[in-house]
Amino acid sequence: MSLLQLLLGLLSTVADFAKSWSVVGSTLMIATAVALAYVWQPSLPEESYDFIYKYKFPAESQPKWSQKDPPVGVPPRPSVYNPNRPDLIHCYCPATGQYLCRVSASTKADIDTAVAKCQKAQEVWKATSFKQRKAVLKVFLEFLKKNQEEVVRIACRDSGKTMVDAALGEIMVTLEKLAWTMKYGERAMRPSSRSGPANLLIRYKAAEVVYEPLGVVLALVSWNYPLHNVLNPIVSSIFTGNGIIVKCSESVVWSSRYFVEMVQTCFTICGHSPDLVQLVCPWPNDADYLTSHPDISHTTFIGSKPVAHKVLAAAASSLMPVTVELGGKDAAVILDEHLGSWSNCDAIASVLMRGSFQSAGQNCIGIERIICEPKAYDSLSKVLAKRVPALRLGSSLDDDQNVDVGAMINDSRFEVLERMIADAVKNGAQLSCGGQRYRHPNHPVGSYFQPTLLVDVTPEMEIARNELFAPVMVLMKAENVDDAIRIANSTKFGLGGAVFGKRGSAATEKVVREMKTGNIAVNDFATFYVCQLPFGGVSDSGYGKFGGEEGLRGLCLAKSVCRDRFPGISTSIPPVVDYPLNSVKTAWEFVRAMNAAAYATSAKEFVMSLVQLVGNLK
Ligand SMILES: *[C@@H]1O[C@H](CO)[C@@H](O)[C@H](O)[C@H]1NC(C)=O
Ligand SMILES: *[C@@H]1O[C@H](CO)[C@@H](O)[C@H](O)[C@H]1NC(C)=O
């Protein structure tokens with residue numbers, strides 16, 4: 001159906017309705033709708049139009065961009081680090097191996113400067129209203145929506161992912177984060193009134209928690225979603241009145257600089273200091289300097305466990321609170337009851353494929369293990385064995401043919417992956433397809449790994465226990481629901497997860513309750529993340545939550561305030577316990593009776609204690 005047909009259809013519906021109503025009424029209705037369509041536009045500052053409609057995107061992100069003369073002194077094989085110039089970070093496109101630029105790694109002095117600037121800007125920013133904060137987010141939201149394609153291309157050039165993967169994993173989730181924060185953020189930040197004491201004698205006290213910004217906060221983010229991972233903490237931090245230092249990964253400095261600069265422009269447009277958001281990129285060894293910095297109040301760390309140990313050790317020296325999000329080994333548990341008949345399981349196979357291969361599997365909450373009951377196992381392994389080999393690798397920015405799966409960030413883990421896959425096969429797993437690095441004919445220096453399907457994987461295999469973060473799909477067989485939960489629980493991780501069953505069935509709910517994980521989606525994959533729920537893991541997946549209301553409040557000082565509930569009623573110290581005490585014995589009897597009365601569990605106890613209390617009042 002064409003757009004015109006759709007419009008005509010709509011018009012005729014309205015016309016039918018108009019016939020049965022009055023001509024005047026329907027004309028009014030249509031006029032209101034048309035007027036609304038014009039009036040209901042975001043009111044944006046005048047200065048934002050050039051930014052939104054005329055932003056100059058980098059040449060490197062254009063389709064089929066090629067570097068004419070790579071500068072001298074560039075390492076022959078793509079590598080962020082060159083021992084001859086340890087002060088520089090080298091940026092490459094993982095999909096083509098093309099050189100992008102070199103950037104000075106942030107030094108301790110750079111970090112100090114960034115923190116000082118941020119602190120100064122935050123002093124002013126903390127006094128802004130939610131309306132002012134939302135105005136900044138709104139400019140960015142409009143910019144992102146209007147320039148989806150150009151922004152996506154920057155993320156693709158730097159990370160090697162495909163444009164469709166980026167539209168989902170970068171743009172959609174970031175738009176949602178912005179829209180949700182603008183719509184519901186203020187509610188989470190409202191002072192929260194609490195029940196007050198249970199003590200009958202001090203019920204006149206009212207209790208409340210107010211949320212105040214912490215100051216300058218820090219986010220150490222991973223490279224797998226260069227746009228979203230940088231924007232996500234920025235949105236929460238600035239909305240809560242904080243300033244933020246973002247430390248990006250050395251693998252995506254090139255794009256991160258553009259993304260942070262875009263946010264800074266939104267601040268300038270709205271009349272605020274762009275210094276509130278700072279990007280730094282020191283080498284991992286200097287990251288300690290950030291996490292022990294006395295002027296930073298909170299750290300959100302997304303990364304791996306070995307690095308987390310270092311971050312936390314450094315944070316201990318300045319008592320820095322840290323929210324830790326580490327890897328995962330997410331299980332999708334597929335119950336036989338999910339489908340009445342397994343003769344057609346294409347729909348669920350599609351979800352599993354997106355869950356496993358999006359972003360070439362480099363997804364914290366990607367599906368790392370598919371655990372099936374017997375019927376589901378037989379059907380899915382057949383269908384997936386046909387569908388996975390059909391996936392096409394390449395650079396969606398540069399290739400003319402269709403591309404499903406992009407490159408990996410670099411080739412540094414290929415050997416480990418190949419070894420783990422070979423090891424699984426040696427121990428009885430079946431390699432249905434893939435299993436090795438791939439030399440792409442168009443991009444011989446690109447970092448590609450074949451989309452891989454391994455079936456008959458068992459929980460003892462290394463491949464079933466370690467996070468792969470790669471385009472590798474792993475199928476495991478479970479005898480029944482309990483067995484499936486046992487297998488799902490058999491890793492040290494606990495970040496995300498999924499269960500596919502019958503809506504509301506006992507088995508589905510059992511998996512929801514018993515899977516050892518921080519987040520779980522029912523009959524879907526990773527939706528808990530988009531839904532702006534508090535996000536975080538258990539065990540080796542880390543602790544603390546970001547995202548949602550808890551995430552916003554986590555970036556605040558929750559200040560507890562206690563006031564008198566009624567005018568004219570306040571605490572006065574009875575003479576009997578006033579310093580200096582007249583009689584220690586009477587004072588003791590008084591306080592003892594007071595405690596007994598306050599926590600009395602029967603009317604008799606209350607009255608008796610009260611009588612004693614009054615008796616000892618003088
Ligand atoms: C590969 O990427 C990882 C993750 O960003 C990074 O730590 C590592 O230094 C990179 N290796 C090379 C050779 O670029
Ligand atoms: C899975 O782990 C959870 C949380 O540790 C536990 O409550 C549950 O009993 C475990 N279930 C199985 C079958 O291992």
# chains A, B, ... in the order shown; residues from 1 in each chain; ligands from 1

call {"tool": "closest_atom_pairs", "arguments": {"of": "chain A", "to": "ligand 2", "cutoff": "7 Å", "atoms": "only C-alpha atoms and all ligand atoms", "output": "tab-separated table"}}
result
residue	atom	partner	partner_atom_place_in_ligand_line	distance
A:Asp482	CA	ligand 2	13 (C)	5.3
A:Asp483	CA	ligand 2	13 (C)	6.6
A:Ile485	CA	ligand 2	13 (C)	4.7
A:Arg486	CA	ligand 2	14 (O)	4.0
A:Asn489	CA	ligand 2	1 (C)	5.0
A:Glu514	CA	ligand 2	8 (C)	4.7
A:Met515	CA	ligand 2	1 (C)	5.2
A:Lys516	CA	ligand 2	4 (C)	4.4

call {"tool": "write_last_selection", "arguments": {"atoms": "C-alpha atoms", "output": "PDB file, in the first residue's frame"}}
result
ATOM      1  CA  ASP A 482      14.803 -27.635  36.198  1.00  0.00           C
ATOM      2  CA  ASP A 483      17.689 -28.859  34.107  1.00  0.00           C
ATOM      3  CA  ILE A 485      17.635 -23.501  35.103  1.00  0.00           C
ATOM      4  CA  ARG A 486      20.538 -25.536  36.461  1.00  0.00           C
ATOM      5  CA  ASN A 489      22.835 -20.965  36.644  1.00  0.00           C
ATOM      6  CA  GLU A 514      15.189 -18.894  39.664  1.00  0.00           C
ATOM      7  CA  MET A 515      17.551 -17.743  36.983  1.00  0.00           C
ATOM      8  CA  LYS A 516      20.529 -16.214  38.748  1.00  0.00           C
TER       9      LYS A 516
END

call {"tool": "residues_near_ligand", "arguments": {"ligand": "ligand 1", "cutoff": "7 Å", "atoms": "only C-alpha atoms and all ligand atoms", "output": "VMD selection string"}}
result
chain A and resid 78 to 81 223 249 to 251 409 to 412

call {"tool": "closest_residue", "arguments": {"among": "A:Phe606, A:Trp180, A:Phe357, A:Tyr204", "to": "Asp404 (chain A)", "atoms": "only C-alpha atoms"}}
result
A:Phe357

call {"tool": "closest_residue", "arguments": {"among": "A:Thr96, A:Thr113, A:Gln612, A:Thr27", "to": "His443 (chain A)", "atoms": "only C-alpha atoms"}}
result
A:Thr96

call {"tool": "closest_residue", "arguments": {"among": "A:Ala558, A:Leu11, A:Ile334, A:Leu431", "to": "Phe500 (chain A)", "atoms": "only C-alpha atoms"}}
result
A:Ile334

call {"tool": "residues_around", "arguments": {"residues": "Leu393 (chain A)", "least_positions_apart": "3", "cutoff": "8 Å", "atoms": "only C-alpha atoms", "output": "PyMOL selection string"}}
result
chain A and resi 403-407+440+448+450
